[in-house]
Amino acid sequence: MQETDREIMDVQAIKQRFEIIGTSPLLDRAIDIARQVAATDLTVLISGESGVGKEVFPKIIHQLSARKHGPYIAVNCGAIPEGTIDSELFGHEKGSFTGAHDARKGYFEVVNGGTIFLDEVAELPLSTQVRLLRVLETGEFLKVGSSKVIKTNVRVVAATNVEIPESIRHGKFREDLYYRLNTVPINVPPLKDRKEDIHLLFRKFAADFAEKYRMPVLQLDPEAIKLLVNYKWHGNIRQLKNITEQISIIENRREINADIFSKYLPVTQYRDLPVLYRSEEDNKGISERDLLYKVLFDMKKDIHDLKKVVGDILQSEGTTKDLSSSKSHIIKNIKEDDFETLENGADHFPLHRLPDEQIGEPIQESEVIEESLSIQEKEIDLIKKALLRHNGRRKNAAKELGISERTLYRKIKEYHLDS
Ligand SMILES: Nc1ncnc2c1ncn2[C@@H]1O[C@H](COP(=O)(O)OP(=O)(O)OP(=O)(O)O)[C@@H](O)[C@H]1O
Ligand SMILES: [Mg+2]
């Protein structure tokens with residue numbers, strides 16, 4: 001009994017110290033595992049949906065461990081470009097690659113005696129996973145471009161919001177590394193499994209924002225509370241916090257009813273669009289983005305349909321020779337590839353490829369290029385907007401865009417948006 005009391009006290013103390021809100025038994029259990037494992041040197045894998053609050057766990061583990069006076073580094077594996085990640089983690093020798101003017105120590109060397117937090121670990125490239133496995137198993141690693149073995153004493157805590165077994169099935173994550181990382185798993189529960197904490201969290205954030213913006217605290221009426229608790233918070237605590245902030249700033253009144261509250265909850269009808277940019281619901285402006293994509297995809301479909309019509313004309317007339325000059329101009333501008341796309345593409349239009357001489361002049365790409373340019377421009381525009389909205393914080397911008405930080409980084413470089 002005494003032991004249990006002590007343990008409960010410890011979990012409570014941890015919550016206070018690390019400002020963790022919630023009374024859910026699942027949350028307490030996760031904190032308790034972190035507390036117990038802290039004293040060991042075991043590797044820990046923290047998993048849980050996006051926005052559930054994983055990032056505090058490696059801090060708890062480090063602070064409650066004997067390493068607490070040693071260094072602590074958090075590395076976002078998704079944010080580091082593939083080309084430099086090995087060098088960041090393990091260091092490099094002078095001249096080991098173009099631009100390596102000096103030798104550099106990597107995090108695994110710098111953090112010797114401390115803890116390294118590998119956030120978004122599933123984003124690590126496979127080649128880096130091999131190096132990581134080696135350092136976890138032997139405490140040894142090689143700098144990039146060096147054959148000298150370096151020893152280090154680093155405790156690794158990793159986190160992920162993706163299902164790693166799924167990544168293993170897709171050949172993106174090494175199974176051996178997964179088992180090695182997952183020595184102690186900690187699962188941070190999503191809000192849907194800790195509904196009892198939702199109103200508590202809302203009140204805490206409402207109080208924080210009231211203080212920050214020097215306003216009276218928001219109050220929800222009973223209907224609004226029902227909505228709050230039953231809403232599907234796909235973005236979990238991060239989303240709840242963002243929406244509480246939006247309401248705090250935008251609403252003049254402080255008593256919020258269900259009608260007002262529902263205005264801030266994103267509508268999800270386009271959530272399952274099969275596009276690159278998977279919808280995240282945790283930011284304002286999302287529905288605007290979804291709409292934009294719908295418009296783009298509708299436009300793309302229209303172009304596709306248009307091509308089919310032109311293709312049909314070609315097929316029925318058999319040749320471009322009889323067509324009026326304006327029509328033949330359009331047809332000449334259709335790439336030969338388009339016929340392949342139409343023939344082999346998802347829609348399987350029953351078209352036959354025309355002999356080259358019937359297509360006419362060397363192929364121009366104007367139509368196709370215009371189409372892709374317009375999508376590219378929209379993309380650049382959206383990236384700029386997202387960066388602006390998040391004050392240049394790429395992590396948050398990437399989240400809103402529904403792409404990985406690495407992809408965002410690449411696109412910023414590609415479109416020269418970093419100047
Ligand atoms: N229990 C909690 N009490 C108060 N605030 C919390 C709690 N858990 C998370 N938060 C806040 O919610 C936000 C999201 O948490 P965090 O960044 O740790 O999410 P995450 O699990 O790492 O998500 P992702 O996988 O998307 O990176 C942060 O602002 C954090 O401070
Ligand atoms: Mg995180």
# chains A, B, ... in the order shown; residues from 1 in each chain; ligands from 1
>>> residues_near_ligand(ligand="ligand 2", cutoff="10 Å", atoms="only C-alpha atoms and all ligand atoms", output="NGL selection string")
:A and (47-56 or 76 or 119-120 or 159-161 or 238 or 395)
>>> select_by_dssp(residues="range 90-188 of chain A", states="strand (DSSP E or B)", output="PyMOL selection string")
chain A and resi 91-92+104-105+115-119+140-142+144+149-151+155-160+184-187
>>> write_last_selection(atoms="N, CA, C and O atoms", output="short mmCIF file (atom, residue, chain, number, x, y, z; two decimals), in the first residue's frame")
data_model
loop_
_atom_site.label_atom_id
_atom_site.label_comp_id
_atom_site.auth_asym_id
_atom_site.auth_seq_id
_atom_site.Cartn_x
_atom_site.Cartn_y
_atom_site.Cartn_z
N GLY A 91 29.44 12.39 -37.24
CA GLY A 91 30.59 13.23 -37.55
C GLY A 91 31.25 12.83 -38.86
O GLY A 91 30.86 11.85 -39.49
N HIS A 92 32.22 13.64 -39.30
CA HIS A 92 32.95 13.28 -40.51
C HIS A 92 34.40 13.75 -40.43
O HIS A 92 34.75 14.60 -39.62
N ARG A 104 34.43 17.10 -38.22
CA ARG A 104 33.34 17.54 -37.34
C ARG A 104 32.92 16.39 -36.44
O ARG A 104 32.86 15.24 -36.89
N LYS A 105 32.65 16.72 -35.19
CA LYS A 105 32.15 15.68 -34.28
C LYS A 105 30.65 15.52 -34.48
O LYS A 105 29.94 16.52 -34.67
N THR A 115 22.26 11.65 -23.00
CA THR A 115 21.11 11.03 -23.67
C THR A 115 20.87 11.70 -25.01
O THR A 115 20.93 12.93 -25.10
N ILE A 116 20.60 10.89 -26.01
CA ILE A 116 20.23 11.46 -27.31
C ILE A 116 18.78 11.06 -27.61
O ILE A 116 18.40 9.91 -27.43
N PHE A 117 18.00 12.06 -27.99
CA PHE A 117 16.60 11.79 -28.32
C PHE A 117 16.45 11.83 -29.83
O PHE A 117 16.65 12.87 -30.46
N LEU A 118 16.14 10.69 -30.42
CA LEU A 118 15.96 10.61 -31.88
C LEU A 118 14.47 10.70 -32.19
O LEU A 118 13.74 9.71 -32.12
N ASP A 119 14.03 11.92 -32.46
CA ASP A 119 12.61 12.12 -32.74
C ASP A 119 12.33 11.76 -34.20
O ASP A 119 13.20 11.91 -35.05
N GLU A 140 29.93 1.47 -30.53
CA GLU A 140 31.01 1.92 -31.42
C GLU A 140 30.45 2.49 -32.71
O GLU A 140 29.38 2.07 -33.17
N PHE A 141 31.19 3.43 -33.29
CA PHE A 141 30.78 3.94 -34.61
C PHE A 141 32.00 4.48 -35.34
O PHE A 141 33.08 4.65 -34.75
N LEU A 142 31.81 4.72 -36.63
CA LEU A 142 32.87 5.32 -37.46
C LEU A 142 32.37 6.66 -37.95
O LEU A 142 31.20 6.79 -38.31
N VAL A 144 32.01 9.51 -40.76
CA VAL A 144 31.93 9.40 -42.23
C VAL A 144 33.34 9.67 -42.78
O VAL A 144 33.99 10.65 -42.40
N VAL A 149 37.63 3.35 -35.27
CA VAL A 149 36.45 3.07 -34.45
C VAL A 149 36.44 3.99 -33.22
O VAL A 149 37.45 4.14 -32.53
N ILE A 150 35.28 4.63 -33.00
CA ILE A 150 35.16 5.50 -31.82
C ILE A 150 34.15 4.88 -30.86
O ILE A 150 33.12 4.36 -31.28
N LYS A 151 34.50 4.94 -29.57
CA LYS A 151 33.60 4.39 -28.55
C LYS A 151 32.77 5.53 -27.95
O LYS A 151 33.27 6.65 -27.80
N ARG A 155 22.88 7.08 -24.19
CA ARG A 155 21.59 6.42 -24.03
C ARG A 155 20.65 6.97 -25.10
O ARG A 155 20.55 8.19 -25.27
N VAL A 156 19.98 6.05 -25.79
CA VAL A 156 19.11 6.49 -26.89
C VAL A 156 17.63 6.35 -26.49
O VAL A 156 17.20 5.31 -26.02
N VAL A 157 16.91 7.46 -26.67
CA VAL A 157 15.45 7.41 -26.56
C VAL A 157 14.93 7.85 -27.93
O VAL A 157 15.39 8.87 -28.45
N ALA A 158 14.06 7.07 -28.51
CA ALA A 158 13.55 7.41 -29.84
C ALA A 158 12.05 7.61 -29.77
O ALA A 158 11.38 7.13 -28.84
N ALA A 159 11.50 8.33 -30.74
CA ALA A 159 10.05 8.52 -30.78
C ALA A 159 9.55 8.44 -32.21
O ALA A 159 10.29 8.74 -33.15
N THR A 160 8.33 8.01 -32.35
CA THR A 160 7.73 7.93 -33.69
C THR A 160 6.21 8.06 -33.61
O THR A 160 5.60 7.62 -32.63
N VAL A 184 12.32 -1.09 -24.46
CA VAL A 184 11.21 -0.70 -23.57
C VAL A 184 10.27 0.18 -24.39
O VAL A 184 10.64 1.29 -24.78
N PRO A 185 9.07 -0.29 -24.70
CA PRO A 185 8.13 0.57 -25.43
C PRO A 185 7.29 1.41 -24.47
O PRO A 185 6.89 0.92 -23.41
N ILE A 186 7.09 2.65 -24.84
CA ILE A 186 6.15 3.49 -24.07
C ILE A 186 5.13 4.01 -25.07
O ILE A 186 5.50 4.62 -26.07
N ASN A 187 3.87 3.74 -24.79
CA ASN A 187 2.85 4.22 -25.70
C ASN A 187 2.11 5.39 -25.07
O ASN A 187 1.53 5.26 -24.00
#
>>> atom_distance(atom1="CA of Thr183 in chain A", atom2="CA of Val44 in chain A")
6.1 Å
>>> select_by_dssp(residues="range 62-270 of chain A", states="alpha helix (DSSP H)", output="number ranges by chain")
A: 62-63, 82-90, 107-110, 126-138, 164-169, 175-181, 198-212, 222-230, 236-250, 258-263
>>> closest_residue(among="A:Arg174, A:His390, A:Lys232, A:Arg194", to="ligand 1", atoms="only C-alpha atoms and all ligand atoms")
A:Arg194
>>> closest_residue(among="A:Gln239, A:Thr40, A:Ser262, A:Ser248", to="ligand 1", atoms="only C-alpha atoms and all ligand atoms")
A:Gln239
>>> atom_distance(atom1="CA of Thr84 in chain A", atom2="CA of Gln63 in chain A")
29.3 Å
>>> residues_around(residues="Phe209 in chain A", least_positions_apart="2", cutoff="12 Å", atoms="only C-alpha atoms", output="PDB file with N, CA and C atoms, in the first residue's frame")
ATOM      1  N   PHE A 202      -8.347  21.619 -22.073  1.00  0.00           N
ATOM      2  CA  PHE A 202      -8.915  22.850 -22.627  1.00  0.00           C
ATOM      3  C   PHE A 202      -8.829  23.974 -21.589  1.00  0.00           C
ATOM      4  N   ARG A 203      -9.232  23.642 -20.339  1.00  0.00           N
ATOM      5  CA  ARG A 203      -9.230  24.684 -19.297  1.00  0.00           C
ATOM      6  C   ARG A 203      -7.822  25.209 -19.038  1.00  0.00           C
ATOM      7  N   LYS A 204      -6.875  24.282 -19.063  1.00  0.00           N
ATOM      8  CA  LYS A 204      -5.484  24.692 -18.831  1.00  0.00           C
ATOM      9  C   LYS A 204      -5.014  25.626 -19.954  1.00  0.00           C
ATOM     10  N   PHE A 205      -5.284  25.238 -21.202  1.00  0.00           N
ATOM     11  CA  PHE A 205      -4.835  26.080 -22.317  1.00  0.00           C
ATOM     12  C   PHE A 205      -5.591  27.406 -22.319  1.00  0.00           C
ATOM     13  N   ALA A 206      -6.911  27.345 -22.035  1.00  0.00           N
ATOM     14  CA  ALA A 206      -7.697  28.586 -22.013  1.00  0.00           C
ATOM     15  C   ALA A 206      -7.117  29.544 -20.968  1.00  0.00           C
ATOM     16  N   ALA A 207      -6.736  29.004 -19.812  1.00  0.00           N
ATOM     17  CA  ALA A 207      -6.160  29.852 -18.751  1.00  0.00           C
ATOM     18  C   ALA A 207      -4.812  30.418 -19.205  1.00  0.00           C
ATOM     19  N   GLU A 211      -3.978  34.466 -19.927  1.00  0.00           N
ATOM     20  CA  GLU A 211      -2.877  35.197 -19.304  1.00  0.00           C
ATOM     21  C   GLU A 211      -1.990  35.828 -20.383  1.00  0.00           C
ATOM     22  N   LYS A 212      -1.685  35.006 -21.396  1.00  0.00           N
ATOM     23  CA  LYS A 212      -0.798  35.493 -22.459  1.00  0.00           C
ATOM     24  C   LYS A 212      -1.383  36.717 -23.170  1.00  0.00           C
ATOM     25  N   TYR A 213      -2.679  36.660 -23.471  1.00  0.00           N
ATOM     26  CA  TYR A 213      -3.290  37.762 -24.225  1.00  0.00           C
ATOM     27  C   TYR A 213      -4.045  38.747 -23.327  1.00  0.00           C
ATOM     28  N   ARG A 214      -3.883  38.574 -22.029  1.00  0.00           N
ATOM     29  CA  ARG A 214      -4.503  39.476 -21.039  1.00  0.00           C
ATOM     30  C   ARG A 214      -6.006  39.652 -21.277  1.00  0.00           C
ATOM     31  N   MET A 215      -6.687  38.520 -21.242  1.00  0.00           N
ATOM     32  CA  MET A 215      -8.140  38.522 -21.437  1.00  0.00           C
ATOM     33  C   MET A 215      -8.769  37.623 -20.381  1.00  0.00           C
ATOM     34  N   PRO A 216     -10.082  37.766 -20.136  1.00  0.00           N
ATOM     35  CA  PRO A 216     -10.738  36.812 -19.234  1.00  0.00           C
ATOM     36  C   PRO A 216     -10.712  35.399 -19.846  1.00  0.00           C
ATOM     37  N   VAL A 217     -10.806  34.403 -18.987  1.00  0.00           N
ATOM     38  CA  VAL A 217     -10.691  33.015 -19.455  1.00  0.00           C
ATOM     39  C   VAL A 217     -11.952  32.587 -20.218  1.00  0.00           C
ATOM     40  N   LEU A 218     -11.749  31.817 -21.296  1.00  0.00           N
ATOM     41  CA  LEU A 218     -12.884  31.268 -22.055  1.00  0.00           C
ATOM     42  C   LEU A 218     -13.656  30.279 -21.188  1.00  0.00           C
ATOM     43  N   LYS A 241      -4.829  22.503 -28.457  1.00  0.00           N
ATOM     44  CA  LYS A 241      -4.157  23.731 -28.007  1.00  0.00           C
ATOM     45  C   LYS A 241      -4.301  24.839 -29.067  1.00  0.00           C
ATOM     46  N   ASN A 242      -4.068  24.497 -30.327  1.00  0.00           N
ATOM     47  CA  ASN A 242      -4.170  25.499 -31.406  1.00  0.00           C
ATOM     48  C   ASN A 242      -5.572  26.079 -31.496  1.00  0.00           C
ATOM     49  N   ILE A 243      -6.564  25.209 -31.395  1.00  0.00           N
ATOM     50  CA  ILE A 243      -7.938  25.689 -31.540  1.00  0.00           C
ATOM     51  C   ILE A 243      -8.333  26.546 -30.337  1.00  0.00           C
ATOM     52  N   THR A 244      -7.870  26.151 -29.167  1.00  0.00           N
ATOM     53  CA  THR A 244      -8.156  26.971 -27.979  1.00  0.00           C
ATOM     54  C   THR A 244      -7.536  28.359 -28.158  1.00  0.00           C
ATOM     55  N   GLU A 245      -6.353  28.394 -28.736  1.00  0.00           N
ATOM     56  CA  GLU A 245      -5.699  29.689 -28.961  1.00  0.00           C
ATOM     57  C   GLU A 245      -6.483  30.518 -29.979  1.00  0.00           C
ATOM     58  N   GLN A 246      -6.915  29.855 -31.057  1.00  0.00           N
ATOM     59  CA  GLN A 246      -7.688  30.590 -32.074  1.00  0.00           C
ATOM     60  C   GLN A 246      -8.929  31.221 -31.466  1.00  0.00           C
ATOM     61  N   ILE A 247      -9.668  30.414 -30.688  1.00  0.00           N
ATOM     62  CA  ILE A 247     -10.910  30.944 -30.103  1.00  0.00           C
ATOM     63  C   ILE A 247     -10.572  32.084 -29.145  1.00  0.00           C
ATOM     64  N   SER A 248      -9.514  31.894 -28.359  1.00  0.00           N
ATOM     65  CA  SER A 248      -9.125  32.929 -27.389  1.00  0.00           C
ATOM     66  C   SER A 248      -8.877  34.257 -28.095  1.00  0.00           C
ATOM     67  N   ILE A 249      -8.235  34.190 -29.255  1.00  0.00           N
ATOM     68  CA  ILE A 249      -7.868  35.428 -29.945  1.00  0.00           C
ATOM     69  C   ILE A 249      -9.051  36.010 -30.720  1.00  0.00           C
ATOM     70  N   ILE A 250      -9.744  35.138 -31.441  1.00  0.00           N
ATOM     71  CA  ILE A 250     -10.731  35.646 -32.399  1.00  0.00           C
ATOM     72  C   ILE A 250     -12.056  36.053 -31.760  1.00  0.00           C
TER      73      ILE A 250
END
>>> atom_distance(atom1="CA of Ile14 in chain A", atom2="atom 1 (N, counted along the ligand's line) of ligand 1")
11.2 Å
>>> closest_residue(among="A:Pro190, A:Gly99, A:Gly139, A:Gly171", to="ligand 1", atoms="only C-alpha atoms and all ligand atoms")
A:Pro190
>>> residues_around(residues="Ile260 in chain A", least_positions_apart="4", cutoff="10 Å", atoms="only C-alpha atoms", output="PyMOL selection string")
chain A and resi 220+224+247+251+253+255-256+264-265
>>> residues_around(residues="range 70-73 of chain A", least_positions_apart="4", cutoff="8 Å", atoms="only C-alpha atoms", output="ChimeraX atom specification")
/A:62,107,110-117
>>> closest_residue(among="A:Gly145, A:Pro222, A:Gly235, A:Gly106", to="ligand 1", atoms="only C-alpha atoms and all ligand atoms")
A:Gly235
